[in-house]
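> start.cif is reproduced in full below (mmCIF, C-alpha atoms).
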data_start
loop_
_atom_site.label_atom_id
_atom_site.label_comp_id
_atom_site.auth_asym_id
_atom_site.auth_seq_id
_atom_site.Cartn_x
_atom_site.Cartn_y
_atom_site.Cartn_z
CA MET A 8 -8.83 -1.75 23.83
CA LYS A 9 -8.37 0.40 26.90
CA LYS A 10 -7.48 3.92 25.88
CA PRO A 11 -3.84 4.81 26.72
CA ILE A 12 -3.47 7.62 29.24
CA LEU A 13 -0.67 9.97 30.24
CA VAL A 14 0.51 9.36 33.79
CA LEU A 15 2.83 11.51 35.91
CA THR A 16 4.69 9.63 38.62
CA ILE A 17 5.80 12.39 40.96
CA SER A 18 5.66 12.94 44.69
CA LEU A 19 6.88 16.51 44.92
CA LEU A 20 3.55 18.40 44.96
CA THR A 21 1.70 18.88 48.22
CA ALA A 22 -1.50 20.89 48.06
CA CYS A 23 -2.11 23.21 50.94
CA ALA A 24 -5.18 25.34 50.83
CA SER A 25 -4.69 28.69 52.61
CA GLU A 26 -8.17 30.04 53.07
CA GLU A 27 -7.04 32.25 55.94
CA LYS A 28 -4.48 34.05 53.78
CA SER A 29 -6.26 34.13 50.43
CA SER A 30 -9.31 32.85 48.61
CA THR A 31 -6.99 31.83 45.74
CA PRO A 32 -6.10 28.08 45.77
CA VAL A 33 -2.37 27.47 46.15
CA ILE A 34 0.11 24.63 45.98
CA THR A 35 3.48 24.11 47.63
CA VAL A 36 6.34 23.16 45.31
CA THR A 37 8.61 20.42 46.63
CA GLU A 38 11.82 19.21 45.01
CA ASP A 39 11.80 15.45 44.41
CA GLN A 40 12.21 12.77 41.74
CA VAL A 41 10.38 13.63 38.51
CA VAL A 42 9.15 10.94 36.13
CA PHE A 43 6.80 11.62 33.22
CA GLU A 44 5.29 8.42 31.81
CA ILE A 45 2.97 7.74 28.88
CA HIS A 46 1.02 4.52 29.20
CA ALA A 47 -0.10 2.90 25.95
CA GLU A 48 -0.83 -0.47 24.40
CA GLY A 49 0.64 -2.27 21.42
CA GLU A 50 1.86 -5.60 20.10
CA LEU A 51 5.01 -7.53 19.36
CA GLU A 52 6.47 -7.95 15.89
CA ALA A 53 9.66 -9.37 14.42
CA VAL A 54 12.41 -7.00 13.37
CA LYS A 55 12.95 -9.09 10.22
CA SER A 56 10.42 -11.23 8.37
CA THR A 57 9.86 -12.78 4.94
CA PRO A 58 6.67 -11.50 3.28
CA ILE A 59 4.19 -13.90 1.66
CA THR A 60 2.48 -12.06 -1.20
CA THR A 61 -0.15 -12.79 -3.83
CA PRO A 62 1.44 -13.83 -7.16
CA ALA A 63 1.62 -10.95 -9.63
CA ALA A 64 1.17 -13.25 -12.65
CA SER A 65 -2.62 -12.84 -12.80
CA ARG A 66 -2.52 -9.03 -12.94
CA ARG A 67 -6.00 -8.93 -11.38
CA PRO A 68 -7.66 -9.83 -8.05
CA GLN A 69 -7.84 -13.50 -7.05
CA THR A 70 -10.12 -15.27 -4.61
CA LEU A 71 -8.58 -17.12 -1.68
CA ALA A 72 -9.75 -20.73 -1.49
CA TRP A 73 -7.66 -21.71 1.56
CA ILE A 74 -4.92 -20.25 3.73
CA ALA A 75 -2.88 -21.75 6.56
CA PRO A 76 -4.10 -20.99 10.10
CA GLN A 77 -2.68 -18.08 12.06
CA PHE A 78 0.56 -18.86 13.96
CA SER A 79 0.95 -22.32 12.43
CA ASN A 80 4.44 -23.78 12.04
CA VAL A 81 5.24 -24.41 8.37
CA LYS A 82 8.10 -26.15 6.57
CA GLU A 83 9.99 -25.02 3.49
CA GLY A 84 8.04 -25.89 0.33
CA GLU A 85 4.79 -26.50 2.21
CA VAL A 86 1.61 -25.04 0.65
CA VAL A 87 0.41 -22.11 2.76
CA ALA A 88 -2.32 -20.65 0.52
CA LYS A 89 -4.49 -21.71 -2.43
CA PHE A 90 -6.57 -19.65 -4.83
CA ASP A 91 -9.81 -20.45 -6.66
CA GLY A 92 -8.92 -21.14 -10.32
CA SER A 93 -12.39 -21.88 -11.71
CA ASN A 94 -12.73 -18.51 -13.43
CA PHE A 95 -9.26 -18.80 -14.93
CA GLN A 96 -10.05 -22.30 -16.25
CA LEU A 97 -13.28 -21.08 -17.86
CA GLU A 98 -11.42 -18.24 -19.54
CA VAL A 99 -8.70 -20.64 -20.72
CA ASP A 100 -11.35 -22.86 -22.32
CA GLU A 101 -13.10 -19.87 -23.92
CA THR A 102 -9.82 -18.46 -25.20
CA GLU A 103 -8.74 -21.78 -26.72
CA PHE A 104 -12.13 -21.98 -28.46
CA GLU A 105 -11.71 -18.44 -29.85
CA ILE A 106 -8.21 -19.28 -31.08
CA GLN A 107 -9.57 -22.35 -32.92
CA LYS A 108 -12.29 -20.23 -34.53
CA ILE A 109 -9.70 -17.72 -35.72
CA MET A 110 -7.48 -20.53 -37.05
CA TYR A 111 -10.39 -21.93 -39.08
CA SER A 112 -11.14 -18.42 -40.39
CA MET A 113 -7.52 -18.04 -41.44
CA MET A 114 -7.57 -21.43 -43.19
CA ASP A 115 -10.80 -20.47 -44.96
CA LYS A 116 -9.24 -17.19 -46.04
CA ASP A 117 -6.16 -19.02 -47.40
CA ARG A 118 -8.40 -21.33 -49.47
CA GLU A 119 -10.34 -18.34 -50.76
CA ILE A 120 -7.11 -16.61 -51.75
CA GLU A 121 -5.79 -19.73 -53.54
CA ASN A 122 -9.05 -20.24 -55.44
CA SER A 123 -9.23 -16.59 -56.43
CA LYS A 124 -5.62 -16.60 -57.58
CA PHE A 125 -6.30 -19.70 -59.68
CA SER A 126 -9.37 -18.03 -61.26
CA PHE A 127 -7.45 -14.85 -61.95
CA GLY A 128 -4.58 -16.84 -63.42
CA ALA A 129 -6.84 -18.91 -65.68
CA GLU A 130 -8.72 -15.86 -66.96
CA ALA A 131 -5.47 -14.00 -67.54
CA GLU A 132 -4.10 -16.94 -69.59
CA VAL A 133 -7.23 -16.96 -71.77
CA ILE A 134 -7.04 -13.22 -72.37
CA ASP A 135 -3.31 -13.39 -73.10
CA TYR A 136 -3.95 -16.22 -75.61
CA GLU A 137 -6.72 -14.26 -77.34
CA TYR A 138 -4.54 -11.19 -77.38
CA GLU A 139 -1.70 -13.08 -79.03
CA LEU A 140 -4.10 -14.47 -81.64
CA ALA A 141 -5.48 -11.00 -82.33
CA LYS A 142 -1.98 -9.67 -82.84
CA GLN A 143 -1.03 -12.62 -85.03
CA PHE A 144 -4.02 -12.37 -87.28
CA ASN A 145 -4.34 -8.62 -87.28
CA ILE A 146 -6.29 -7.34 -90.39
CA ASP A 147 -4.18 -4.55 -91.83
CA ASP A 148 -4.21 -5.25 -95.66
CA PRO A 149 -6.58 -2.80 -97.42
CA LEU A 150 -6.44 -4.92 -100.56
CA LEU A 151 -8.06 -7.87 -98.75
CA TYR A 152 -10.30 -6.25 -96.08
CA THR A 153 -12.49 -3.29 -95.90
CA LYS A 154 -11.65 -0.35 -93.71
CA ILE A 155 -14.45 -1.23 -91.30
CA GLU A 156 -13.10 -4.77 -90.86
CA MET A 157 -9.61 -3.44 -90.14
CA ILE A 158 -11.00 -0.95 -87.53
CA GLU A 159 -12.96 -3.71 -85.78
CA ALA A 160 -9.89 -5.93 -85.69
CA GLY A 161 -7.82 -3.10 -84.14
CA ASP A 162 -10.52 -2.37 -81.57
CA ASN A 163 -10.61 -6.03 -80.58
CA GLU A 164 -6.84 -6.04 -79.96
CA ASP A 165 -7.04 -2.88 -77.79
CA PHE A 166 -9.96 -4.34 -75.84
CA LEU A 167 -8.08 -7.54 -75.07
CA LYS A 168 -5.04 -5.57 -73.91
CA ALA A 169 -7.19 -3.36 -71.65
CA LYS A 170 -8.97 -6.44 -70.31
CA ALA A 171 -5.62 -8.07 -69.44
CA ASP A 172 -4.51 -4.91 -67.61
CA HIS A 173 -7.85 -4.82 -65.73
CA ILE A 174 -7.47 -8.42 -64.59
CA ASP A 175 -3.99 -7.63 -63.29
CA LYS A 176 -5.33 -4.63 -61.33
CA VAL A 177 -8.21 -6.66 -59.86
CA GLU A 178 -5.81 -9.40 -58.80
CA GLU A 179 -3.47 -6.87 -57.20
CA ASN A 180 -6.32 -5.21 -55.25
CA PHE A 181 -7.60 -8.60 -54.14
CA GLU A 182 -4.18 -9.57 -52.82
CA GLU A 183 -3.88 -6.31 -50.85
CA LYS A 184 -7.36 -6.74 -49.37
CA SER A 185 -6.68 -10.36 -48.49
CA ALA A 186 -3.39 -9.43 -46.82
CA SER A 187 -5.21 -6.84 -44.65
CA GLU A 188 -7.89 -9.34 -43.69
CA LYS A 189 -5.25 -11.92 -42.76
CA ALA A 190 -3.41 -9.28 -40.69
CA VAL A 191 -6.63 -8.55 -38.76
CA LEU A 192 -7.13 -12.25 -38.10
CA GLU A 193 -3.51 -12.61 -37.01
CA SER A 194 -3.87 -9.66 -34.64
CA SER A 195 -6.99 -11.20 -33.10
CA LYS A 196 -5.17 -14.48 -32.73
CA GLN A 197 -2.19 -12.85 -30.95
CA LYS A 198 -4.58 -11.05 -28.60
CA GLN A 199 -6.24 -14.32 -27.67
CA VAL A 200 -2.86 -16.05 -27.32
CA ALA A 201 -1.71 -13.34 -24.87
CA LYS A 202 -4.94 -13.77 -22.91
CA LEU A 203 -4.42 -17.53 -22.88
CA GLU A 204 -0.85 -17.15 -21.59
CA MET A 205 -1.98 -14.80 -18.80
CA ASN A 206 -4.75 -17.13 -17.63
CA SER A 207 -2.47 -20.16 -17.93
CA ALA A 208 0.10 -18.35 -15.76
CA SER A 209 -2.62 -17.64 -13.21
CA LEU A 210 -3.59 -21.33 -13.19
CA SER A 211 0.02 -22.30 -12.62
CA ALA A 212 0.25 -19.92 -9.62
CA LEU A 213 -2.78 -21.07 -7.65
CA GLU A 214 -0.61 -22.28 -4.79
CA ILE A 215 1.84 -20.39 -2.58
CA ARG A 216 4.58 -22.36 -0.86
CA ALA A 217 6.65 -21.37 2.15
CA PRO A 218 10.14 -20.15 1.14
CA HIS A 219 11.61 -21.48 4.40
CA ASP A 220 10.65 -22.92 7.78
CA GLY A 221 8.96 -20.56 10.19
CA LEU A 222 5.90 -19.36 12.06
CA PHE A 223 3.06 -18.38 9.69
CA VAL A 224 1.65 -14.97 10.71
CA LEU A 225 -1.30 -13.51 8.79
CA GLU A 226 -0.91 -9.90 7.63
CA PRO A 227 -3.91 -7.60 8.27
CA SER A 228 -5.08 -5.41 5.41
CA TRP A 229 -5.55 -1.64 5.59
CA ASP A 230 -8.92 -2.06 7.37
CA GLY A 231 -7.49 -4.47 9.96
CA SER A 232 -9.15 -7.62 8.59
CA LEU A 233 -7.11 -10.80 8.13
CA PRO A 234 -6.98 -12.87 4.91
CA GLU A 235 -9.64 -15.59 4.84
CA PRO A 236 -11.19 -17.98 2.26
CA GLY A 237 -13.56 -16.22 -0.12
CA LYS A 238 -11.80 -12.88 0.16
CA SER A 239 -10.47 -11.20 -2.98
CA VAL A 240 -6.85 -10.08 -2.89
CA PHE A 241 -4.93 -7.98 -5.38
CA PRO A 242 -1.68 -9.08 -7.07
CA GLY A 243 1.32 -8.33 -4.89
CA ALA A 244 -0.79 -7.85 -1.75
CA LYS A 245 0.73 -9.08 1.52
CA LEU A 246 -1.05 -12.17 2.84
CA ALA A 247 1.28 -13.21 5.64
CA LYS A 248 4.89 -13.26 6.79
CA LEU A 249 7.44 -15.67 8.20
CA PRO A 250 9.11 -13.69 11.00
CA ASP A 251 12.59 -14.22 12.39
CA LEU A 252 11.76 -14.93 16.04
CA SER A 253 15.34 -14.42 17.22
CA GLU A 254 14.90 -10.62 17.33
CA MET A 255 11.60 -9.00 18.33
CA GLN A 256 10.43 -5.43 18.79
CA ALA A 257 7.34 -3.70 20.17
CA LYS A 258 4.95 -1.59 18.12
CA ILE A 259 3.07 0.84 20.38
CA TYR A 260 0.14 3.08 19.48
CA VAL A 261 0.07 6.43 21.29
CA PRO A 262 -2.89 8.85 20.86
CA GLU A 263 -1.93 11.98 18.97
CA VAL A 264 -2.87 14.33 21.84
CA GLU A 265 -0.69 12.41 24.32
CA ALA A 266 2.45 11.77 22.26
CA ILE A 267 4.45 14.59 23.82
CA GLY A 268 8.18 14.31 24.36
CA ILE A 269 8.61 10.92 22.68
CA LYS A 270 11.89 10.68 20.78
CA GLU A 271 14.52 8.11 19.87
CA GLY A 272 16.40 6.66 22.81
CA VAL A 273 13.65 7.24 25.39
CA ALA A 274 13.38 4.35 27.87
CA VAL A 275 10.34 2.06 27.70
CA THR A 276 9.08 -0.71 29.99
CA VAL A 277 6.97 -3.45 28.39
CA SER A 278 4.81 -6.17 29.94
CA LEU A 279 2.98 -8.83 27.92
CA HIS A 280 -0.69 -9.55 28.53
CA ALA A 281 0.11 -13.28 28.35
CA PHE A 282 2.98 -12.97 30.85
CA PRO A 283 2.18 -9.95 33.05
CA ASP A 284 4.93 -10.76 35.53
CA THR A 285 7.61 -10.59 32.85
CA ILE A 286 8.99 -7.06 32.50
CA ILE A 287 11.08 -6.20 29.45
CA GLU A 288 13.10 -3.04 29.07
CA GLY A 289 13.66 -1.27 25.77
CA LYS A 290 14.22 2.04 24.01
CA VAL A 291 12.31 3.98 21.37
CA SER A 292 13.94 3.30 18.00
CA SER A 293 11.54 5.29 15.82
CA ILE A 294 8.24 7.17 15.79
CA SER A 295 5.95 7.70 12.82
CA LYS A 296 6.08 11.17 11.23
CA THR A 297 2.29 11.51 11.16
CA ALA A 298 -0.60 10.18 13.22
CA GLN A 299 -3.06 7.85 11.50
CA PRO A 300 -6.39 6.28 12.55
CA LYS A 301 -6.14 2.63 13.59
CA GLU A 302 -9.73 1.83 12.63
CA ARG A 303 -11.68 2.85 9.57
CA ASP A 304 -14.71 4.16 11.49
CA ASN A 305 -12.74 5.69 14.38
CA PRO A 306 -11.35 9.21 13.79
CA VAL A 307 -8.89 9.03 16.71
CA LYS A 308 -5.34 9.23 15.39
CA TYR A 309 -2.31 7.46 16.83
CA PHE A 310 1.43 7.78 16.45
CA THR A 311 3.16 4.43 15.92
CA VAL A 312 6.18 4.07 18.21
CA THR A 313 8.69 1.28 17.55
CA VAL A 314 10.64 0.00 20.56
CA SER A 315 13.76 -2.15 20.43
CA LEU A 316 13.68 -4.71 23.24
CA ASP A 317 16.49 -6.02 25.43
CA ALA A 318 15.22 -9.60 25.12
CA ASN A 319 16.42 -11.56 22.09
CA ASN A 320 15.87 -15.31 21.60
CA ASN A 321 13.09 -15.29 24.23
CA GLU A 322 10.78 -18.22 23.48
CA ASN A 323 7.84 -16.43 25.12
CA LEU A 324 7.93 -13.60 22.57
CA LYS A 325 5.62 -14.24 19.62
CA PRO A 326 4.41 -11.83 16.89
CA GLY A 327 1.02 -10.31 17.56
CA GLN A 328 1.13 -10.69 21.34
CA ARG A 329 -0.62 -7.77 23.04
CA LEU A 330 1.35 -5.68 25.54
CA ASP A 331 1.27 -2.68 27.86
CA ALA A 332 4.04 -0.12 27.60
CA SER A 333 5.24 2.69 29.82
CA ILE A 334 7.23 5.33 27.95
CA ARG A 335 9.35 7.42 30.32
CA VAL A 336 9.78 10.67 28.41
CA ILE A 337 11.33 12.49 31.41
CA GLU A 338 13.39 11.01 34.27
CA GLN A 339 15.06 13.30 36.83
CA ASP A 340 16.49 12.31 40.21
CA GLN A 341 15.72 15.79 41.56
CA GLY A 342 13.54 18.47 40.08
CA LEU A 343 10.52 20.76 40.35
CA ALA A 344 7.22 20.32 38.55
CA VAL A 345 4.01 22.35 38.67
CA PRO A 346 0.52 21.97 37.19
CA ILE A 347 0.24 23.42 33.70
CA GLN A 348 -2.53 25.84 34.80
CA THR A 349 -0.13 27.61 37.19
CA VAL A 350 2.11 28.70 34.31
CA PHE A 351 1.21 31.83 32.34
CA ARG A 352 2.76 32.83 29.02
CA GLU A 353 2.78 35.93 26.88
CA GLN A 354 4.98 36.05 23.81
CA GLU A 355 8.48 35.10 25.06
CA ARG A 356 7.74 35.64 28.76
CA THR A 357 6.68 32.88 31.21
CA TRP A 358 5.69 33.42 34.85
CA VAL A 359 3.83 32.09 37.91
CA PHE A 360 2.25 33.88 40.89
CA VAL A 361 4.26 33.24 44.09
CA GLN A 362 2.70 33.91 47.50
CA ARG A 363 4.61 36.47 49.56
CA GLY A 364 2.89 36.79 52.91
CA ASN A 365 -0.75 37.66 52.24
CA GLU A 366 -0.07 38.80 48.70
CA PHE A 367 0.96 37.27 45.37
CA ALA A 368 3.89 38.41 43.26
CA GLN A 369 4.51 37.73 39.61
CA GLN A 370 7.62 35.54 39.26
CA ASP A 371 9.34 34.86 35.91
CA VAL A 372 10.30 31.21 35.44
CA THR A 373 12.05 29.03 32.88
CA THR A 374 10.15 25.88 31.99
CA GLY A 375 11.55 22.60 30.69
CA PHE A 376 9.38 19.76 29.47
CA CYS A 377 5.64 20.42 29.47
CA SER A 378 2.92 17.84 29.02
CA SER A 379 -0.81 18.44 28.71
CA SER A 380 -1.05 18.64 32.53
CA LEU A 381 2.37 19.45 34.09
CA CYS A 382 5.53 21.46 33.49
CA THR A 383 9.04 21.07 34.86
CA ILE A 384 10.67 24.24 36.19
CA GLU A 385 14.36 24.82 35.42
CA ALA A 386 14.73 28.25 36.99
CA GLY A 387 12.68 30.82 38.91
CA LEU A 388 11.27 28.65 41.72
CA ALA A 389 12.76 26.98 44.79
CA ASP A 390 11.82 24.12 47.06
CA GLY A 391 9.00 25.22 49.41
CA ASP A 392 7.65 28.08 47.28
CA VAL A 393 3.88 28.47 47.33
CA ILE A 394 2.26 29.37 44.02
CA ALA A 395 -1.29 30.11 42.91
CA LEU A 396 -3.22 27.44 41.02
CA SER A 397 -4.99 30.20 39.09
CA GLN A 398 -4.52 33.92 38.58
CA PRO A 399 -5.15 35.59 41.96
CA VAL A 400 -8.21 37.76 42.22
CA GLY A 401 -7.35 41.43 41.94
CA VAL A 402 -3.76 40.78 40.84
CA VAL A 403 -2.88 42.19 37.41
CA ALA A 404 0.15 40.89 35.56
CA GLU A 405 2.93 43.39 35.02
CA GLY A 406 3.27 45.09 31.66
CA ARG A 407 4.84 43.02 28.94
CA PRO A 408 8.27 44.01 27.73
#
Could you take the file, read its structure, and then write that structure out as structure tokens?

Amino acid sequence: MKKPILVLTISLLTACASEEKSSTPVITVTEDQVVFEIHAEGELEAVKSTPITTPAASRRPQTLAWIAPQFSNVKEGEVVAKFDGSNFQLEVDETEFEIQKIMYSMMDKDREIENSKFSFGAEAEVIDYEYELAKQFNIDDPLLYTKIEMIEAGDNEDFLKAKADHIDKVEENFEEKSASEKAVLESSKQKQVAKLEMNSASLSALEIRAPHDGLFVLEPSWDGSLPEPGKSVFPGAKLAKLPDLSEMQAKIYVPEVEAIGIKEGVAVTVSLHAFPDTIIEGKVSSISKTAQPKERDNPVKYFTVTVSLDANNNENLKPGQRLDASIRVIEQDQGLAVPIQTVFREQERTWVFVQRGNEFAQQDVTTGFCSSSLCTIEAGLADGDVIALSQPVGVVAEGRP
């Protein structure tokens, strides 16, 4: 792209070298029309547009399999982009397999719990029966049994009671352990179910359809590249837009060092590369707060200037069309302007060196708008004054106040 330049359209300066009077180069100031213009390039865009974004259901990057061509006319409900779902399908199959494995593990654990409960129950019934018999036939008559026999009978009853209590404890611990193991299996199952739902949602969102009729315009990413098949895109990323062609505006890129004097309401003239004979007038509606590089590997920074155009419902205006713009930051029917190198400044004082006969005198002036090359003069100079283009040799500026 041709680099934008700052142009001054002015016919009020007439150089007149005066070698006979002084070796210092001079210039004669003439009052005339003053127009400061900044020439830059940009493109058209719609004031309003409907964004086409990547579905957020997947929660991770997706690979574009197909996308509608740039500037194609689409109808409401028509598919404008498709994503590759092979990875999602593989993960769905793997997840369903893992869920089945967990289900079989849970069924196996249920059978183990039922069998263990039956064993515990059977053993507890036997011990309870033996305990009841021991109590029923307890040997406690010293006339019939010896003391040793009575002690052994009592020990047997205590043993059976302790054994019954032990079985109850073992069964209780087993139930707690089994409940924890089932909870772990259930947690693993829920995790896989959530994964299955996410991948299933991604499979169901592999196609993007146009929300309404319109012109399909691809949206460049941060590095300027357009969406294309095989490219990974993040959820929620802008892929394209459906602009409202009834109202267009210009987006102009002005180099940071040249964006002087641009503000809202400044007049702009625009001409399209495709239709160079068509001139469109407009006004600056906004300017970016900071300058940013346009290209990743190019450090040059640009301010983005948005221009509202006085040309609505023009069939020749399409988003993305390249254009040249002339931003008129200063327009005066009559005025004075001098080269920036003729103006000297020190703190709050500004002056030029005016030729008086064969000598130069320091003349205080009031400046208006100043660009990188020229300054307008509001007071201190008159039509026909001759000023030095540089500080005259041997002339020392007066003391500063």
> Neighbouring residues of region 268-274 of chain A were defined as those with any atom within 12 Å, considering all atoms listed in the file; residues of the same chain fewer than 5 positions away were excluded. Please report them as a PDB file with C-alpha atoms, in the frame of the given file.

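Writing the result to out35.pdb gives the following:
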ATOM      1  CA  LEU A  13      -0.670   9.970  30.240  1.00  0.00           C
ATOM      2  CA  VAL A  42       9.150  10.940  36.130  1.00  0.00           C
ATOM      3  CA  PHE A  43       6.800  11.620  33.220  1.00  0.00           C
ATOM      4  CA  GLU A  44       5.290   8.420  31.810  1.00  0.00           C
ATOM      5  CA  ILE A  45       2.970   7.740  28.880  1.00  0.00           C
ATOM      6  CA  HIS A  46       1.020   4.520  29.200  1.00  0.00           C
ATOM      7  CA  ILE A 259       3.070   0.840  20.380  1.00  0.00           C
ATOM      8  CA  TYR A 260       0.140   3.080  19.480  1.00  0.00           C
ATOM      9  CA  VAL A 261       0.070   6.430  21.290  1.00  0.00           C
ATOM     10  CA  PRO A 262      -2.890   8.850  20.860  1.00  0.00           C
ATOM     11  CA  GLU A 263      -1.930  11.980  18.970  1.00  0.00           C
ATOM     12  CA  ILE A 287      11.080  -6.200  29.450  1.00  0.00           C
ATOM     13  CA  GLU A 288      13.100  -3.040  29.070  1.00  0.00           C
ATOM     14  CA  GLY A 289      13.660  -1.270  25.770  1.00  0.00           C
ATOM     15  CA  LYS A 290      14.220   2.040  24.010  1.00  0.00           C
ATOM     16  CA  VAL A 291      12.310   3.980  21.370  1.00  0.00           C
ATOM     17  CA  SER A 292      13.940   3.300  18.000  1.00  0.00           C
ATOM     18  CA  SER A 293      11.540   5.290  15.820  1.00  0.00           C
ATOM     19  CA  ILE A 294       8.240   7.170  15.790  1.00  0.00           C
ATOM     20  CA  SER A 295       5.950   7.700  12.820  1.00  0.00           C
ATOM     21  CA  LYS A 296       6.080  11.170  11.230  1.00  0.00           C
ATOM     22  CA  PHE A 310       1.430   7.780  16.450  1.00  0.00           C
ATOM     23  CA  THR A 311       3.160   4.430  15.920  1.00  0.00           C
ATOM     24  CA  VAL A 312       6.180   4.070  18.210  1.00  0.00           C
ATOM     25  CA  THR A 313       8.690   1.280  17.550  1.00  0.00           C
ATOM     26  CA  VAL A 314      10.640   0.000  20.560  1.00  0.00           C
ATOM     27  CA  SER A 315      13.760  -2.150  20.430  1.00  0.00           C
ATOM     28  CA  LEU A 316      13.680  -4.710  23.240  1.00  0.00           C
ATOM     29  CA  ASP A 317      16.490  -6.020  25.430  1.00  0.00           C
ATOM     30  CA  ALA A 332       4.040  -0.120  27.600  1.00  0.00           C
ATOM     31  CA  SER A 333       5.240   2.690  29.820  1.00  0.00           C
ATOM     32  CA  ILE A 334       7.230   5.330  27.950  1.00  0.00           C
ATOM     33  CA  ARG A 335       9.350   7.420  30.320  1.00  0.00           C
ATOM     34  CA  VAL A 336       9.780  10.670  28.410  1.00  0.00           C
ATOM     35  CA  ILE A 337      11.330  12.490  31.410  1.00  0.00           C
ATOM     36  CA  GLU A 338      13.390  11.010  34.270  1.00  0.00           C
ATOM     37  CA  GLY A 375      11.550  22.600  30.690  1.00  0.00           C
ATOM     38  CA  PHE A 376       9.380  19.760  29.470  1.00  0.00           C
ATOM     39  CA  CYS A 377       5.640  20.420  29.470  1.00  0.00           C
ATOM     40  CA  SER A 378       2.920  17.840  29.020  1.00  0.00           C
ATOM     41  CA  SER A 379      -0.810  18.440  28.710  1.00  0.00           C
ATOM     42  CA  CYS A 382       5.530  21.460  33.490  1.00  0.00           C
TER      43      CYS A 382
END
> If we count all atoms listed in the file, what is near Ile215 (chain A) at a cut-off of 12 Å, once residues fewer than 5 positions away on the same chain are taken out, given as an MDAnalysis selection string?
chainID A and resid 58:63 71:75 83:90 209:210 246:247
> Just C-alpha atoms for this one: save the residues we selected as a compact mmCIF listing (two decimals), in the coordinates of the input.

# COMPACT_ATOMS: atom_id res chain seq x y z
CA PRO A 58 6.67 -11.50 3.28
CA ILE A 59 4.19 -13.90 1.66
CA THR A 60 2.48 -12.06 -1.20
CA THR A 61 -0.15 -12.79 -3.83
CA PRO A 62 1.44 -13.83 -7.16
CA ALA A 63 1.62 -10.95 -9.63
CA LEU A 71 -8.58 -17.12 -1.68
CA ALA A 72 -9.75 -20.73 -1.49
CA TRP A 73 -7.66 -21.71 1.56
CA ILE A 74 -4.92 -20.25 3.73
CA ALA A 75 -2.88 -21.75 6.56
CA GLU A 83 9.99 -25.02 3.49
CA GLY A 84 8.04 -25.89 0.33
CA GLU A 85 4.79 -26.50 2.21
CA VAL A 86 1.61 -25.04 0.65
CA VAL A 87 0.41 -22.11 2.76
CA ALA A 88 -2.32 -20.65 0.52
CA LYS A 89 -4.49 -21.71 -2.43
CA PHE A 90 -6.57 -19.65 -4.83
CA SER A 209 -2.62 -17.64 -13.21
CA LEU A 210 -3.59 -21.33 -13.19
CA LEU A 246 -1.05 -12.17 2.84
CA ALA A 247 1.28 -13.21 5.64
> Between region 193-220 of chain A and region 101-117 of chain A, at 9 Å or less, what are the per-residue closest atom pairs and their distances in Å? Count all atoms listed in the file, order by chain and rising residue number, and return it as a Markdown table.

| residue | atom | partner | partner_atom | distance |
| --- | --- | --- | --- | --- |
| A:Glu193 | CA | A:Met113 | CA | 8.1 |
| A:Ser195 | CA | A:Ile109 | CA | 7.5 |
| A:Lys196 | CA | A:Ile106 | CA | 5.9 |
| A:Gln197 | CA | A:Ile106 | CA | 8.8 |
| A:Gln199 | CA | A:Thr102 | CA | 6.0 |
| A:Val200 | CA | A:Ile106 | CA | 7.3 |
| A:Lys202 | CA | A:Thr102 | CA | 7.1 |
| A:Leu203 | CA | A:Thr102 | CA | 6.0 |
> Go through A:Gln69, A:Thr35, A:Ser187, A:Ser126 and flag the residue nearest Ala395 (chain A), using all atoms listed in the file for the distances.
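Closest candidate: A:Thr35.
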> Of the candidates A:Val350, A:Val275, A:Leu252, A:Val264, which one gets nearest to Glu322 (chain A) if we count all atoms listed in the file?
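Of A:Val350, A:Val275, A:Leu252, A:Val264, the one nearest Glu322 (chain A), counting all atoms listed in the file, is A:Leu252.
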> What is the CA of Asp331 (chain A)-CA of Ala47 (chain A) distance in Å, reported with one decimal?
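Pair CA of Asp331 (chain A) / CA of Ala47 (chain A) returns 6.1 Å.
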> Run through the PyMOL selection byres ((chain A and resi 327-329) around 10) on the given coordinates and return the selected residues as a PyMOL selection string.
chain A and resi 48-53+78+224-225+257-259+278-282+323-326+330-331
> Could you write those residues out with C-alpha atoms, as a compact mmCIF listing (two decimals), in the coordinates of the input?

# COMPACT_ATOMS: atom_id res chain seq x y z
CA GLU A 48 -0.83 -0.47 24.40
CA GLY A 49 0.64 -2.27 21.42
CA GLU A 50 1.86 -5.60 20.10
CA LEU A 51 5.01 -7.53 19.36
CA GLU A 52 6.47 -7.95 15.89
CA ALA A 53 9.66 -9.37 14.42
CA PHE A 78 0.56 -18.86 13.96
CA VAL A 224 1.65 -14.97 10.71
CA LEU A 225 -1.30 -13.51 8.79
CA ALA A 257 7.34 -3.70 20.17
CA LYS A 258 4.95 -1.59 18.12
CA ILE A 259 3.07 0.84 20.38
CA SER A 278 4.81 -6.17 29.94
CA LEU A 279 2.98 -8.83 27.92
CA HIS A 280 -0.69 -9.55 28.53
CA ALA A 281 0.11 -13.28 28.35
CA PHE A 282 2.98 -12.97 30.85
CA ASN A 323 7.84 -16.43 25.12
CA LEU A 324 7.93 -13.60 22.57
CA LYS A 325 5.62 -14.24 19.62
CA PRO A 326 4.41 -11.83 16.89
CA LEU A 330 1.35 -5.68 25.54
CA ASP A 331 1.27 -2.68 27.86
> Pull out every residue that the PyMOL selection byres ((chain A and resi 346-349) around 6) matches in the shown coordinates and put them as a VMD selection string.
chain A and resid 345 350 380 to 382 396 to 397
> What residues come out when you apply the PyMOL selection byres ((chain A and resi 358-368) around 6) to this file, written as a ChimeraX atom specification?
/A:28,350-351,357,369-372,393-395
